[in-house]
Every structure is written in C-alpha cells, then in structure tokens.
file my_file19.txt (compact mmCIF, C-alpha atoms)
# COMPACT_ATOMS: atom_id res chain seq x y z
CA MET Y 1 18.91 51.87 125.57
CA ALA Y 2 15.91 52.62 123.42
CA SER Y 3 14.29 55.97 123.94
CA LEU Y 4 10.87 56.29 125.54
CA LYS Y 5 9.18 57.07 122.26
CA GLU Y 6 10.74 54.09 120.52
CA LEU Y 7 9.56 51.77 123.29
CA LYS Y 8 6.07 53.19 123.15
CA ASP Y 9 5.88 52.65 119.41
CA ARG Y 10 7.20 49.14 119.76
CA ILE Y 11 4.54 48.28 122.33
CA GLY Y 12 1.89 49.69 120.03
CA SER Y 13 3.05 47.60 117.11
CA VAL Y 14 3.17 44.38 119.13
CA LYS Y 15 -0.30 45.14 120.43
CA SER Y 16 -1.72 45.44 116.94
CA THR Y 17 -0.02 42.19 115.91
CA GLN Y 18 -1.62 40.53 118.89
CA LYS Y 19 -4.99 41.81 117.81
CA ILE Y 20 -4.56 40.21 114.41
CA THR Y 21 -3.41 36.85 115.72
CA LYS Y 22 -6.23 36.81 118.22
CA ALA Y 23 -8.80 37.49 115.51
CA LYS Y 24 -7.33 34.78 113.29
CA GLN Y 25 -7.44 32.36 116.19
CA MET Y 26 -11.09 33.03 116.80
CA VAL Y 27 -11.94 32.68 113.11
CA ALA Y 28 -10.05 29.38 112.96
CA ALA Y 29 -11.88 28.08 116.02
CA ALA Y 30 -15.24 28.83 114.45
CA LYS Y 31 -14.24 27.35 111.11
CA LEU Y 32 -12.79 24.27 112.78
CA ARG Y 33 -16.14 23.37 114.19
CA ARG Y 34 -17.73 23.60 110.77
CA ALA Y 35 -14.94 21.65 109.10
CA GLN Y 36 -15.17 18.94 111.71
CA SER Y 37 -18.89 18.48 111.28
CA ALA Y 38 -18.46 18.38 107.50
CA ALA Y 39 -15.90 15.62 107.93
CA GLU Y 40 -18.29 13.73 110.17
CA ALA Y 41 -21.19 14.14 107.75
CA ALA Y 42 -19.14 12.59 104.96
CA ARG Y 43 -18.35 9.48 106.94
CA PRO Y 44 -21.53 7.43 106.31
CA TYR Y 45 -21.07 7.61 102.54
CA ALA Y 46 -17.45 6.48 102.74
CA GLU Y 47 -18.32 3.66 105.12
CA ARG Y 48 -21.16 2.31 103.01
CA LEU Y 49 -19.11 2.61 99.87
CA SER Y 50 -16.28 0.58 101.30
CA THR Y 51 -18.61 -2.18 102.53
CA VAL Y 52 -20.13 -2.43 99.07
CA MET Y 53 -16.63 -2.39 97.58
CA ALA Y 54 -15.50 -5.17 99.88
CA SER Y 55 -18.38 -7.43 98.96
CA LEU Y 56 -17.96 -6.79 95.24
CA ALA Y 57 -14.19 -7.00 95.05
CA THR Y 58 -14.14 -10.49 96.47
CA LYS Y 59 -16.59 -11.61 93.80
CA VAL Y 60 -14.86 -10.04 90.84
CA SER Y 61 -11.23 -11.03 90.85
CA GLY Y 62 -8.63 -12.51 88.60
CA ASP Y 63 -8.40 -11.55 84.96
CA SER Y 64 -11.79 -9.93 84.73
CA ALA Y 65 -10.97 -7.33 87.36
CA PRO Y 66 -10.86 -3.77 86.02
CA LYS Y 67 -7.53 -2.03 85.65
CA LEU Y 68 -8.23 0.34 88.53
CA LEU Y 69 -8.39 -2.61 90.91
CA ALA Y 70 -5.78 -4.91 89.42
CA GLY Y 71 -3.21 -2.26 88.43
CA THR Y 72 -1.19 -2.06 85.24
CA GLY Y 73 0.95 -5.03 86.16
CA SER Y 74 3.96 -2.81 86.56
CA ASN Y 75 5.30 -1.10 89.64
CA GLN Y 76 7.78 1.30 88.13
CA ARG Y 77 6.24 4.75 87.87
CA HIS Y 78 4.78 6.27 91.00
CA LEU Y 79 2.69 9.37 91.41
CA LEU Y 80 2.52 11.16 94.73
CA VAL Y 81 -0.68 13.14 95.21
CA VAL Y 82 0.21 15.70 97.85
CA VAL Y 83 -2.61 17.61 99.50
CA ASN Y 84 -1.52 20.92 101.01
CA THR Y 85 -3.45 23.92 102.22
CA ASP Y 86 -3.94 27.11 100.23
CA LYS Y 87 -3.25 29.53 103.04
CA GLY Y 88 -0.48 29.88 105.52
CA LEU Y 89 -0.64 30.93 109.17
CA CYS Y 90 -1.10 27.34 110.26
CA GLY Y 91 2.17 26.51 111.96
CA GLY Y 92 4.16 23.54 110.79
CA LEU Y 93 1.29 21.78 109.02
CA ASN Y 94 2.42 22.35 105.46
CA SER Y 95 6.09 21.76 106.13
CA ASN Y 96 5.16 18.47 107.81
CA ILE Y 97 3.16 17.37 104.78
CA VAL Y 98 5.97 18.31 102.44
CA LYS Y 99 8.46 16.52 104.64
CA GLU Y 100 6.39 13.33 104.49
CA ALA Y 101 6.03 13.64 100.71
CA LYS Y 102 9.77 14.13 100.26
CA LEU Y 103 10.48 11.17 102.52
CA GLN Y 104 8.24 8.94 100.40
CA ALA Y 105 9.81 10.28 97.22
CA LYS Y 106 13.31 9.62 98.52
CA LYS Y 107 12.35 6.08 99.51
CA LEU Y 108 10.85 5.33 96.12
CA ILE Y 109 13.78 6.85 94.25
CA ALA Y 110 16.19 4.80 96.36
CA GLU Y 111 14.30 1.71 95.21
CA GLY Y 112 14.93 2.77 91.65
CA LYS Y 113 11.38 3.92 90.87
CA ASP Y 114 10.31 6.95 88.90
CA VAL Y 115 8.47 9.52 90.97
CA GLN Y 116 6.15 12.31 89.92
CA PHE Y 117 4.12 14.75 91.95
CA TYR Y 118 0.56 15.90 91.62
CA LEU Y 119 0.03 18.85 93.91
CA VAL Y 120 -3.27 19.95 95.39
CA GLY Y 121 -3.24 23.28 97.20
CA LYS Y 122 -0.92 26.23 96.93
CA LYS Y 123 1.43 25.85 99.82
CA GLY Y 124 3.15 22.69 98.69
CA ARG Y 125 4.38 24.10 95.41
CA ALA Y 126 7.39 26.15 96.38
CA PRO Y 127 9.07 23.70 98.77
CA ILE Y 128 8.59 20.69 96.50
CA LYS Y 129 9.67 22.64 93.45
CA ARG Y 130 12.93 23.45 95.20
CA ASP Y 131 13.98 19.78 95.31
CA TYR Y 132 12.03 18.15 92.51
CA ALA Y 133 11.49 20.93 90.00
CA ASN Y 134 11.21 18.67 86.96
CA LYS Y 135 9.09 16.00 88.62
CA ILE Y 136 5.92 17.98 89.17
CA ALA Y 137 3.30 16.63 86.80
CA LYS Y 138 0.48 18.97 87.66
CA HIS Y 139 -1.02 21.45 90.08
CA PHE Y 140 -4.61 21.53 91.08
CA ASP Y 141 -5.79 24.87 92.34
CA THR Y 142 -8.35 24.86 95.10
CA SER Y 143 -7.77 28.43 96.26
CA ASN Y 144 -10.55 29.92 94.15
CA VAL Y 145 -13.32 28.19 96.09
CA LYS Y 146 -14.17 28.95 99.68
CA THR Y 147 -14.47 25.40 100.91
CA PRO Y 148 -13.49 22.58 98.58
CA GLY Y 149 -16.42 20.26 98.08
CA PHE Y 150 -17.22 17.16 96.12
CA GLU Y 151 -16.91 18.97 92.78
CA GLU Y 152 -13.24 19.61 93.40
CA ALA Y 153 -12.66 16.02 94.49
CA ASP Y 154 -14.50 14.95 91.36
CA ALA Y 155 -12.24 17.05 89.15
CA VAL Y 156 -9.06 15.80 90.81
CA ALA Y 157 -10.16 12.17 90.58
CA ASP Y 158 -11.20 12.50 86.94
CA GLU Y 159 -7.84 13.95 86.08
CA LEU Y 160 -5.99 11.25 87.98
CA ILE Y 161 -7.98 8.45 86.37
CA ALA Y 162 -7.44 9.95 82.93
CA MET Y 163 -3.71 10.09 83.60
CA PHE Y 164 -3.79 6.50 84.80
CA GLU Y 165 -5.58 5.36 81.69
CA GLU Y 166 -3.11 7.19 79.48
CA GLY Y 167 -0.43 5.24 81.25
CA VAL Y 168 1.33 8.20 82.87
CA PHE Y 169 1.84 6.26 86.10
CA ASP Y 170 1.38 2.79 87.56
CA VAL Y 171 0.77 3.49 91.23
CA ALA Y 172 -0.61 6.58 92.95
CA HIS Y 173 -0.18 7.43 96.60
CA LEU Y 174 -2.10 10.04 98.51
CA VAL Y 175 -0.17 12.17 101.00
CA ALA Y 176 -2.58 14.15 103.16
CA PRO Y 177 -2.92 15.30 106.75
CA THR Y 178 -5.20 13.33 109.05
CA PHE Y 179 -6.95 15.38 111.65
CA GLN Y 180 -6.65 13.90 115.12
CA SER Y 181 -7.13 16.95 117.28
CA ALA Y 182 -6.50 20.67 117.16
CA LEU Y 183 -2.97 19.90 118.33
CA VAL Y 184 -2.15 16.81 116.28
CA GLN Y 185 -2.46 16.52 112.51
CA ASN Y 186 -0.16 13.86 111.17
CA PRO Y 187 0.49 13.53 107.48
CA THR Y 188 -0.15 10.00 106.23
CA THR Y 189 0.46 8.20 102.99
CA SER Y 190 -2.01 5.73 101.54
CA GLN Y 191 -2.28 3.95 98.25
CA LEU Y 192 -4.90 5.43 95.96
CA ILE Y 193 -4.54 3.68 92.60
CA PRO Y 194 -4.75 0.75 92.06
CA VAL Y 195 -7.46 0.61 94.67
CA PRO Y 196 -6.18 -1.59 97.50
CA SER Y 197 -8.36 -4.69 97.86
CA PRO Y 198 -10.49 -4.10 100.89
CA GLU Y 199 -10.21 -6.66 103.61
CA GLY Y 200 -12.94 -8.10 105.73
CA SER Y 201 -15.83 -10.43 105.23
CA ALA Y 202 -17.75 -10.56 102.02
CA GLY Y 203 -20.89 -9.46 103.82
CA GLY Y 204 -22.65 -12.80 104.12
CA ASP Y 205 -23.23 -15.39 101.47
CA ALA Y 206 -26.57 -14.06 100.37
CA VAL Y 207 -27.11 -14.38 96.66
CA VAL Y 208 -27.14 -10.83 95.40
CA GLU Y 209 -28.56 -9.99 92.05
CA TYR Y 210 -26.65 -7.39 90.09
CA GLU Y 211 -27.94 -5.03 87.50
CA PRO Y 212 -26.37 -4.59 84.94
CA GLY Y 213 -23.57 -6.97 86.02
CA GLU Y 214 -20.98 -7.29 88.73
CA GLU Y 215 -18.16 -6.03 86.56
CA GLU Y 216 -20.09 -3.07 85.23
CA ILE Y 217 -21.03 -2.02 88.71
CA LEU Y 218 -17.48 -2.41 89.93
CA GLU Y 219 -16.24 -0.38 87.02
CA GLU Y 220 -18.50 2.46 87.97
CA LEU Y 221 -17.80 2.05 91.63
CA LEU Y 222 -14.01 2.26 91.54
CA PRO Y 223 -13.75 5.84 90.22
CA ARG Y 224 -16.34 6.77 92.78
CA TYR Y 225 -14.23 5.21 95.48
CA VAL Y 226 -11.18 7.19 94.37
CA LYS Y 227 -13.30 10.35 94.46
CA THR Y 228 -14.51 9.63 97.95
CA GLN Y 229 -10.94 9.05 99.05
CA ILE Y 230 -9.86 12.43 97.70
CA PHE Y 231 -12.94 14.14 99.05
CA GLY Y 232 -12.11 12.72 102.47
CA ALA Y 233 -8.57 14.04 102.14
CA LEU Y 234 -9.85 17.50 101.27
CA LEU Y 235 -12.13 17.51 104.28
CA GLU Y 236 -9.33 16.34 106.55
CA ARG Y 237 -7.11 19.02 105.11
CA GLU Y 238 -9.70 21.66 105.89
CA ALA Y 239 -10.09 20.51 109.49
CA SER Y 240 -6.33 20.15 109.92
CA GLU Y 241 -5.67 23.61 108.54
CA GLN Y 242 -8.10 25.22 110.92
CA GLY Y 243 -6.89 23.17 113.87
CA ALA Y 244 -3.24 23.95 113.19
CA SER Y 245 -4.05 27.57 112.59
CA MET Y 246 -5.91 27.82 115.86
CA THR Y 247 -3.00 26.36 117.83
CA ALA Y 248 -0.39 28.44 116.04
CA MET Y 249 -2.34 31.65 116.53
CA ASP Y 250 -2.96 30.84 120.17
CA ASN Y 251 0.80 30.55 120.64
CA ALA Y 252 1.43 33.75 118.74
CA THR Y 253 -1.10 35.64 120.84
CA ARG Y 254 0.49 34.39 124.03
CA ASN Y 255 3.98 35.30 122.83
CA ALA Y 256 2.83 38.77 121.92
CA GLY Y 257 1.37 39.14 125.42
CA ASP Y 258 4.68 38.15 127.00
CA LEU Y 259 6.54 40.58 124.80
CA ILE Y 260 4.16 43.40 125.70
CA ASN Y 261 4.69 42.73 129.42
CA LYS Y 262 8.45 42.80 129.01
CA LEU Y 263 8.40 45.97 126.98
CA THR Y 264 6.02 47.68 129.40
CA ILE Y 265 8.35 46.97 132.32
CA GLN Y 266 11.25 48.33 130.32
CA TYR Y 267 9.22 51.38 129.37
CA ASN Y 268 8.25 52.12 132.99
CA ARG Y 269 11.83 51.72 134.18
CA SER Y 270 13.14 54.14 131.58
CA ARG Y 271 10.38 56.60 132.40
CA GLN Y 272 11.22 56.47 136.12
CA ALA Y 273 14.91 56.85 135.39
CA ALA Y 274 14.15 59.91 133.31
CA ILE Y 275 12.03 61.42 136.12
CA THR Y 276 14.71 60.71 138.70
CA THR Y 277 17.37 62.37 136.55
CA GLU Y 278 15.15 65.40 136.08
CA LEU Y 279 14.53 65.69 139.83
CA ILE Y 280 18.21 65.42 140.61
CA GLU Y 281 18.89 68.19 138.15
CA ILE Y 282 16.26 70.46 139.71
CA ILE Y 283 17.47 69.77 143.26
CA ALA Y 284 21.10 70.29 142.27
CA GLY Y 285 20.11 73.54 140.60
CA ALA Y 286 18.20 74.74 143.66
CA GLU Y 287 21.07 73.90 145.99
CA ALA Y 288 23.51 75.83 143.86
CA LEU Y 289 21.56 79.06 144.39
CA MET R 1 -44.24 -3.76 107.76
CA ALA R 2 -41.69 -1.15 106.89
CA LEU R 3 -38.68 -0.83 104.74
CA HIS R 4 -35.63 0.88 106.14
CA PHE R 5 -34.54 3.44 103.58
CA GLU R 6 -31.27 5.37 103.59
CA LEU R 7 -30.19 8.02 101.13
CA VAL R 8 -26.57 9.05 101.44
CA THR R 9 -24.52 11.60 99.51
CA PRO R 10 -20.84 12.42 100.03
CA ALA R 11 -21.85 15.58 101.81
CA ARG R 12 -24.26 14.08 104.30
CA LEU R 13 -26.77 11.44 105.27
CA VAL R 14 -29.93 12.78 103.65
CA ARG R 15 -32.52 10.26 104.81
CA SER R 16 -32.65 7.43 107.25
CA GLU R 17 -36.19 6.37 107.92
CA ASP R 18 -38.75 3.56 107.71
CA VAL R 19 -41.04 3.80 104.72
CA HIS R 20 -43.53 1.63 102.88
CA MET R 21 -41.98 1.49 99.44
CA VAL R 22 -39.30 3.20 97.39
CA VAL R 23 -39.12 3.29 93.60
CA VAL R 24 -35.56 3.69 92.38
CA PRO R 25 -34.56 4.74 88.84
CA GLY R 26 -32.12 1.96 87.93
CA THR R 27 -30.01 2.07 84.78
CA GLU R 28 -32.03 -0.78 83.33
CA GLY R 29 -35.38 0.47 84.44
CA GLU R 30 -37.19 1.60 87.53
CA PHE R 31 -37.68 -0.87 90.32
CA GLY R 32 -39.76 -0.73 93.44
CA VAL R 33 -38.44 -2.00 96.73
CA LEU R 34 -40.73 -3.27 99.46
CA GLU R 35 -39.82 -4.85 102.74
CA GLY R 36 -38.20 -8.27 102.39
CA HIS R 37 -36.83 -7.64 98.91
CA ALA R 38 -34.12 -10.07 97.80
CA PRO R 39 -30.52 -8.80 97.95
CA PHE R 40 -30.01 -6.66 94.90
CA MET R 41 -27.61 -4.10 93.59
CA SER R 42 -27.94 -1.71 90.71
CA THR R 43 -26.44 1.45 89.36
CA ILE R 44 -28.89 4.29 89.02
CA ARG R 45 -29.45 6.89 86.36
CA ASP R 46 -30.34 10.52 86.95
CA GLY R 47 -33.94 10.75 87.99
CA ALA R 48 -36.34 10.89 90.87
CA VAL R 49 -36.42 8.45 93.75
CA GLN R 50 -40.06 8.04 94.77
CA VAL R 51 -40.60 7.49 98.44
CA TYR R 52 -43.98 6.15 99.56
CA ALA R 53 -44.17 6.77 103.27
CA LYS R 54 -47.48 4.85 103.61
CA GLU R 55 -49.35 2.48 101.39
CA GLY R 56 -51.39 4.42 98.87
CA ALA R 57 -49.90 7.73 99.94
CA GLU R 58 -48.64 10.31 97.50
CA PRO R 59 -44.98 9.66 96.72
CA GLU R 60 -42.30 12.11 97.73
CA LEU R 61 -39.85 12.79 94.91
CA ILE R 62 -36.13 13.23 95.50
CA GLU R 63 -34.02 14.03 92.44
CA VAL R 64 -30.72 12.16 92.49
CA ARG R 65 -27.70 12.30 90.22
CA GLY R 66 -25.50 9.27 89.64
CA GLY R 67 -24.71 6.52 92.07
CA PHE R 68 -26.09 3.13 92.95
CA ALA R 69 -28.62 1.39 95.11
CA GLU R 70 -28.13 -1.61 97.32
CA VAL R 71 -30.80 -3.78 98.87
CA GLY R 72 -29.57 -5.90 101.74
CA GLU R 73 -30.84 -7.45 104.94
CA ASN R 74 -31.03 -4.07 106.58
CA GLY R 75 -33.06 -2.37 103.91
CA LEU R 76 -32.38 -0.15 100.96
CA THR R 77 -29.36 2.13 100.71
CA VAL R 78 -29.10 4.63 97.89
CA LEU R 79 -25.63 6.11 97.45
CA ALA R 80 -26.08 9.14 95.25
CA GLU R 81 -23.43 11.51 94.05
CA LYS R 82 -25.71 14.47 94.41
CA ILE R 83 -29.29 15.35 95.17
CA GLU R 84 -31.19 18.24 93.66
CA GLU R 85 -33.20 20.33 96.03

call {"tool": "encode", "arguments": {"input": "my_file19.txt", "output": "structure tokens"}}
result
Amino acid sequence: MASLKELKDRIGSVKSTQKITKAKQMVAAAKLRRAQSAAEAARPYAERLSTVMASLATKVSGDSAPKLLAGTGSNQRHLLVVVNTDKGLCGGLNSNIVKEAKLQAKKLIAEGKDVQFYLVGKKGRAPIKRDYANKIAKHFDTSNVKTPGFEEADAVADELIAMFEEGVFDVAHLVAPTFQSALVQNPTTSQLIPVPSPEGSAGGDAVVEYEPGEEEILEELLPRYVKTQIFGALLEREASEQGASMTAMDNATRNAGDLINKLTIQYNRSRQAAITTELIEIIAGAEAL
Amino acid sequence: MALHFELVTPARLVRSEDVHMVVVPGTEGEFGVLEGHAPFMSTIRDGAVQVYAKEGAEPELIEVRGGFAEVGENGLTVLAEKIEE
C-alpha cells in the first residue's frame, strides 16, 4: 500500500500530464480548422488542372507523349514516396502510414521489383530504416517550416523529376494519409510518375488553339501536375496530423481523468484508515488509564 | 457583355468575377481576351495580368508567376503558380 504522500504526489503528476494533453488537444483543434480550410482552398486549382490535363492528354498520345506521361518503358525500379508527419503525439497515424508503405514494398519485392524509398517528414525515418536501411534514397526535411506550402511541394517535385530523368527509377508511388474526419485518416497509395492518364471526356470537341504547341504545353503541365499532387498530399498530411492528434489527446485527457478519480478514491480510503487507526489508539490509551 | 474571369493559385481561388477584358502575358506575346473568345490555351510568362473591369476603365494589374491560361466556353481561367501582392 502506497503511503499518503506517495499517492498525493502521484495525483499531482497525473494532473499536470492531463493539463498538457488538454492543451495539446485544444491547439490541435484550432490548427485542424486552419489545415482543413487550406486543403479546401487548394481544391479548385487541382480540379482545373486535372480537367486541362484530361483534355490535353487525349490529344497528345503515342510516340510524341513526353516521358513523364508515357513512362520509361520499363517497370522494374519503383520509388515509394512516403509522406509522414514531423511531430509525434498523433496516435497511430505515422505507424499506419509506415505499415502501408511496408506493405506496398513487400508486394513489389515479392513481384521481383526493386524498391527504393523517398521519405518526406521526420517520423517515417526510424521505422522504415529498421527494415529497409539500404533502400532509402533520400529524406526531405519539412520540419524547419511551420506549415509546408507550395515551395516545399515544388522542391520535392523538382527533386523527384530530376531523379526520374536521371533514370533512378521507373515508377513512383505516393503513400500519404487522406483526411476523412478527425477520427479517420487512412493512408493511401497512388501512382505519381508516370502520370496516370486521366479518364473522362475530352471536354467537348471544340477546336482549341494552343500556344506554343500542345506538346510544349503538356511538357510544362506535367511537372506542375506532379507538384500539385505532392502539395495536396502535404495539405492532407497537415489536416490528418491535427485530426489524429486531437483524437489521441482527447483520449489521453480522458484516461488521465479516470486515473485521477481512481487515485483520489484510494487516497481518501488510506486517509480514513489512518484516522481510524489513530482514533483507536487514542481510545485504547484512554481506556487503559 | 461580360467575360467570366478566374485566377487560381495552388493556395487559393484568387478571383472569380465577370469583367470586360483581360490581357494575359502569354509566352509568345500578350493577348487580350474578350467575351466569346475562341477556345485557346497558352502558357504564360512572369508578368502582370491586366484586368479591365469596364470598357475604358483603368486596368487592375495582378503580378503572376508561371502557369498557363485557358479560354473555354465558360470564360478565362488563369492557373498561376504564384501571385505577387
């Protein structure tokens, strides 16, 4: 049985932990709102870009298609771009992303492909390094900026495209969380390079004039599309991180509350037991006189 | 007679309004877009998009960086990488 003082200290320590988790929860809730609206604000650009892509890609096809659209012709070397968060305290989010990435890697390796990783964010490094230490091609650090914006997406995409042009890989996949709600953020994998041919109608048969030419425009458009894709992933990551953090911290706060209740009951019981013992001693002493 | 003009960047939808004319800095030269322009697509160079809200009015200048412009049935859409404010 713990002494009264020990119990009191324990309650105090749990209380201060609860204070921290509660503060973190509130911060995450506020940041979530901002992250969500940022994700929404980015949607029109992505939508318009993919409609333009769809109408162009159907026109430029065959041999004249740029490498980013047609691929290298090989399907041997794969690159997994894994987007993790930079900070912890967000429940199982990062381990879920890593799990998905490892699953994809295992599948590709079982098919006899070569797999490499390109890691964005801090929290994916250690767990992926543990299993695939020699397969990590590069890290991209986003922890030095407060909220990753288009510049970061730009830098990541430029690096990826340069690697693609050097022939480091044939196919790139993007593994990133998709934000569904504060409770659900599922990691998903999508093909990044070569750019998957968009489906859907060619946007009418209107004769469109292109300046300079269709191919030139497409060539400029494809890197932009990759950038937008990565930018979207970064925004989703931000929203997912805050959502997961909010839920995890809510749970932690509640658990701390339960623990405090339990400890308080225990503390009161011990205190009463101590008083009772003291009384008995006094009464016994008085009777003996 | 109005032209529907939209200016979008990755960060947000900057403009969505009906204007008289927009002059866009295309890579192969500036071009003005009025209502009923034929379908057209061009990459743009860094420069100012001039927005004429009314005929004969002073143009409003918006500096854009990289991207492209598309003229379709529903007006002019400029997808810019960045705008300078």

call {"tool": "residues_around", "arguments": {"input": "my_file19.txt", "residues": "Ala239 of chain Y", "least_positions_apart": "5", "cutoff": "8 Å", "atoms": "only C-alpha atoms", "output": "JSON, numbers by chain"}}
result
{"Y": [32, 35, 36, 39, 179]}

call {"tool": "write_last_selection", "arguments": {"input": "my_file19.txt", "atoms": "C-alpha atoms", "output": "PDB file, in the coordinates of the input"}}
result
ATOM      1  CA  LEU Y  32     -12.790  24.270 112.780  1.00  0.00           C
ATOM      2  CA  ALA Y  35     -14.940  21.650 109.100  1.00  0.00           C
ATOM      3  CA  GLN Y  36     -15.170  18.940 111.710  1.00  0.00           C
ATOM      4  CA  ALA Y  39     -15.900  15.620 107.930  1.00  0.00           C
ATOM      5  CA  PHE Y 179      -6.950  15.380 111.650  1.00  0.00           C
TER       6      PHE Y 179
END

call {"tool": "interface_residues", "arguments": {"input": "my_file19.txt", "of": "chain Y", "to": "chain R", "cutoff": "12 Å", "atoms": "only C-alpha atoms", "output": "CSV table (one decimal) with C-alpha atoms, in the frame of the given file"}}
result
chain,number,residue,atom,x,y,z
Y,35,ALA,CA,-14.9,21.6,109.1
Y,37,SER,CA,-18.9,18.5,111.3
Y,38,ALA,CA,-18.5,18.4,107.5
Y,39,ALA,CA,-15.9,15.6,107.9
Y,40,GLU,CA,-18.3,13.7,110.2
Y,41,ALA,CA,-21.2,14.1,107.8
Y,42,ALA,CA,-19.1,12.6,105.0
Y,43,ARG,CA,-18.4,9.5,106.9
Y,44,PRO,CA,-21.5,7.4,106.3
Y,45,TYR,CA,-21.1,7.6,102.5
Y,46,ALA,CA,-17.4,6.5,102.7
Y,47,GLU,CA,-18.3,3.7,105.1
Y,48,ARG,CA,-21.2,2.3,103.0
Y,49,LEU,CA,-19.1,2.6,99.9
Y,50,SER,CA,-16.3,0.6,101.3
Y,51,THR,CA,-18.6,-2.2,102.5
Y,52,VAL,CA,-20.1,-2.4,99.1
Y,53,MET,CA,-16.6,-2.4,97.6
Y,55,SER,CA,-18.4,-7.4,99.0
Y,56,LEU,CA,-18.0,-6.8,95.2
Y,148,PRO,CA,-13.5,22.6,98.6
Y,149,GLY,CA,-16.4,20.3,98.1
Y,150,PHE,CA,-17.2,17.2,96.1
Y,151,GLU,CA,-16.9,19.0,92.8
Y,153,ALA,CA,-12.7,16.0,94.5
Y,154,ASP,CA,-14.5,15.0,91.4
Y,203,GLY,CA,-20.9,-9.5,103.8
Y,204,GLY,CA,-22.6,-12.8,104.1
Y,205,ASP,CA,-23.2,-15.4,101.5
Y,206,ALA,CA,-26.6,-14.1,100.4
Y,207,VAL,CA,-27.1,-14.4,96.7
Y,208,VAL,CA,-27.1,-10.8,95.4
Y,209,GLU,CA,-28.6,-10.0,92.0
Y,210,TYR,CA,-26.6,-7.4,90.1
Y,211,GLU,CA,-27.9,-5.0,87.5
Y,212,PRO,CA,-26.4,-4.6,84.9
Y,213,GLY,CA,-23.6,-7.0,86.0
Y,214,GLU,CA,-21.0,-7.3,88.7
Y,215,GLU,CA,-18.2,-6.0,86.6
Y,216,GLU,CA,-20.1,-3.1,85.2
Y,217,ILE,CA,-21.0,-2.0,88.7
Y,218,LEU,CA,-17.5,-2.4,89.9
Y,219,GLU,CA,-16.2,-0.4,87.0
Y,220,GLU,CA,-18.5,2.5,88.0
Y,221,LEU,CA,-17.8,2.0,91.6
Y,222,LEU,CA,-14.0,2.3,91.5
Y,223,PRO,CA,-13.8,5.8,90.2
Y,224,ARG,CA,-16.3,6.8,92.8
Y,225,TYR,CA,-14.2,5.2,95.5
Y,227,LYS,CA,-13.3,10.4,94.5
Y,228,THR,CA,-14.5,9.6,98.0
Y,229,GLN,CA,-10.9,9.0,99.0
Y,230,ILE,CA,-9.9,12.4,97.7
Y,231,PHE,CA,-12.9,14.1,99.0
Y,232,GLY,CA,-12.1,12.7,102.5
Y,235,LEU,CA,-12.1,17.5,104.3

call {"tool": "atom_distance", "arguments": {"input": "my_file19.txt", "atom1": "atom CA of Phe140 of chain Y", "atom2": "atom CA of Lys122 of chain Y"}}
result
8.4 Å

call {"tool": "atom_distance", "arguments": {"input": "my_file19.txt", "atom1": "atom CA of Asn74 of chain R", "atom2": "atom CA of Gly32 of chain R"}}
result
16.1 Å

call {"tool": "atom_distance", "arguments": {"input": "my_file19.txt", "atom1": "atom CA of Asn268 of chain Y", "atom2": "atom CA of Lys8 of chain Y"}}
result
10.1 Å

call {"tool": "axis_aligned_box", "arguments": {"input": "my_file19.txt", "around": "segment 24-43 of chain R", "padding_each_side": "8 Å", "output": "AutoDock Vina command-line options"}}
result
--center_x -33.6 --center_y -2.7 --center_z 93.0 --size_x 30.3 --size_y 30.8 --size_z 35.4

call {"tool": "residues_around", "arguments": {"input": "my_file19.txt", "residues": "Ala53 of chain R", "least_positions_apart": "3", "cutoff": "12 Å", "atoms": "all atoms listed in the file", "output": "list in words"}}
result
Met1, Ala2, Leu3, His4, Phe5, Glu17, Asp18, Val19, His20, Met21, Val22, Val23, Leu34, Gln50, Gly56, Ala57, Glu58, Pro59, Glu60 and Leu61 of chain R

call {"tool": "closest_residue", "arguments": {"input": "my_file19.txt", "among": "Y:Met163, Y:Asp170, Y:Ala155, Y:Val175", "to": "Val98 of chain Y", "atoms": "only C-alpha atoms"}}
result
Y:Val175

call {"tool": "build_atoms", "arguments": {"input": "my_file19.txt", "residues": "segment 266-280 of chain Y", "atoms": "N, CA and C atoms", "output": "CSV table (one decimal), in the coordinates of the input"}}
result
chain,number,residue,atom,x,y,z
Y,266,GLN,N,10.1,47.6,130.8
Y,266,GLN,CA,11.2,48.3,130.3
Y,266,GLN,C,10.9,49.8,130.2
Y,267,TYR,N,9.7,50.0,129.6
Y,267,TYR,CA,9.2,51.4,129.4
Y,267,TYR,C,9.1,52.1,130.7
Y,268,ASN,N,8.5,51.5,131.7
Y,268,ASN,CA,8.2,52.1,133.0
Y,268,ASN,C,9.6,52.4,133.7
Y,269,ARG,N,10.5,51.5,133.6
Y,269,ARG,CA,11.8,51.7,134.2
Y,269,ARG,C,12.5,52.9,133.6
Y,270,SER,N,12.5,53.0,132.2
Y,270,SER,CA,13.1,54.1,131.6
Y,270,SER,C,12.5,55.5,132.0
Y,271,ARG,N,11.1,55.4,132.1
Y,271,ARG,CA,10.4,56.6,132.4
Y,271,ARG,C,10.8,57.1,133.8
Y,272,GLN,N,10.8,56.1,134.8
Y,272,GLN,CA,11.2,56.5,136.1
Y,272,GLN,C,12.6,57.0,136.2
Y,273,ALA,N,13.5,56.4,135.4
Y,273,ALA,CA,14.9,56.8,135.4
Y,273,ALA,C,15.0,58.3,134.9
Y,274,ALA,N,14.2,58.6,133.9
Y,274,ALA,CA,14.2,59.9,133.3
Y,274,ALA,C,13.6,60.9,134.3
Y,275,ILE,N,12.6,60.5,135.1
Y,275,ILE,CA,12.0,61.4,136.1
Y,275,ILE,C,13.1,61.7,137.2
Y,276,THR,N,13.7,60.6,137.6
Y,276,THR,CA,14.7,60.7,138.7
Y,276,THR,C,15.8,61.7,138.3
Y,277,THR,N,16.3,61.5,137.0
Y,277,THR,CA,17.4,62.4,136.6
Y,277,THR,C,16.9,63.8,136.6
Y,278,GLU,N,15.7,64.0,136.1
Y,278,GLU,CA,15.2,65.4,136.1
Y,278,GLU,C,15.1,66.0,137.5
Y,279,LEU,N,14.6,65.2,138.4
Y,279,LEU,CA,14.5,65.7,139.8
Y,279,LEU,C,15.9,66.1,140.4
Y,280,ILE,N,16.9,65.2,140.1
Y,280,ILE,CA,18.2,65.4,140.6
Y,280,ILE,C,18.7,66.7,140.0
